[in-house]
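**Q** Sharing a structure, written as structure tokens. Questions coming.
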Amino acid sequence: MRNKEIRNAMKQKGITQWKLGELLGVSENTVNRKLRKELPEEEKQKILEVINSCGK
């Protein structure tokens with residue numbers, strides 16, 4: 001599975017793709033499209049920081 005770290009972090013925090021898109025300022029479709037291919041490490045870390053900053 002591609003971008004497993006991001007998907008696992010989303011699952012742990014209970015964040016959906018549309019919510020992540022809202023947090024990143026992009027659409028749910030953009031998040032979905034990005035997660036289909038392995039992201040560059042820099043972008044992956046940015047997304048993980050956003051996910052981890054959410055409370056739960």
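Naming scheme: A, B, ... for chains in displayed order of the structure tokens; residues 1 onward per chain; ligands 1 onward as shown.
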Select from chain A everything DSSP, run on the backbone, classes as alpha helix (DSSP H), then give the selection as a PyMOL selection string.

**A** chain A and resi 4-13+17-24+28-36+41-52

**Q** Which residues are close to Arg7 in chain A, i.e. within 12 Å by only C-alpha atoms, leaving aside same-chain residues fewer than 3 positions away? Reply as a list in words.

**A**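 Residues meeting the cut-off are Met1, Arg2, Asn3, Lys4, Met10, Lys11, Gln12, Lys13, Gly14, Ile15, Thr16, Gln17, Leu20, Val31, Asn32, Lys34, Leu35, Arg36, Glu38, Lys44, Ile47, Leu48 and Ile51 of chain A.
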
**Q** Excluding same-chain residues fewer than 6 positions from Trp18 in chain A, what lies within 10 Å of it counting only C-alpha atoms, as an mmCIF file with N, CA, C and O atoms, in the first residue's frame?

**A**
data_model
loop_
_atom_site.group_PDB
_atom_site.id
_atom_site.type_symbol
_atom_site.label_atom_id
_atom_site.label_comp_id
_atom_site.auth_asym_id
_atom_site.auth_seq_id
_atom_site.Cartn_x
_atom_site.Cartn_y
_atom_site.Cartn_z
ATOM 1 N N LEU A 24 -5.389 20.766 4.599
ATOM 2 C CA LEU A 24 -4.301 21.109 3.675
ATOM 3 C C LEU A 24 -4.690 22.215 2.700
ATOM 4 O O LEU A 24 -3.842 22.732 1.977
ATOM 5 N N VAL A 26 -6.890 21.766 0.174
ATOM 6 C CA VAL A 26 -7.115 21.162 -1.144
ATOM 7 C C VAL A 26 -8.405 20.340 -1.080
ATOM 8 O O VAL A 26 -8.965 20.131 -0.009
ATOM 9 N N SER A 27 -8.856 19.859 -2.227
ATOM 10 C CA SER A 27 -10.093 19.072 -2.252
ATOM 11 C C SER A 27 -9.821 17.616 -1.838
ATOM 12 O O SER A 27 -8.688 17.146 -1.840
ATOM 13 N N GLU A 28 -10.901 16.926 -1.506
ATOM 14 C CA GLU A 28 -10.815 15.497 -1.187
ATOM 15 C C GLU A 28 -10.248 14.724 -2.378
ATOM 16 O O GLU A 28 -9.455 13.796 -2.212
ATOM 17 N N ASN A 29 -10.647 15.123 -3.591
ATOM 18 C CA ASN A 29 -10.142 14.451 -4.792
ATOM 19 C C ASN A 29 -8.637 14.597 -4.925
ATOM 20 O O ASN A 29 -7.954 13.662 -5.361
ATOM 21 N N THR A 30 -8.109 15.755 -4.560
ATOM 22 C CA THR A 30 -6.668 15.971 -4.631
ATOM 23 C C THR A 30 -5.947 15.061 -3.641
ATOM 24 O O THR A 30 -4.926 14.465 -3.969
ATOM 25 N N VAL A 31 -6.474 14.949 -2.435
ATOM 26 C CA VAL A 31 -5.876 14.054 -1.429
ATOM 27 C C VAL A 31 -5.898 12.631 -1.954
ATOM 28 O O VAL A 31 -4.884 11.919 -1.908
ATOM 29 N N ASN A 32 -7.035 12.211 -2.475
ATOM 30 C CA ASN A 32 -7.172 10.858 -3.006
ATOM 31 C C ASN A 32 -6.143 10.597 -4.104
ATOM 32 O O ASN A 32 -5.475 9.564 -4.122
#
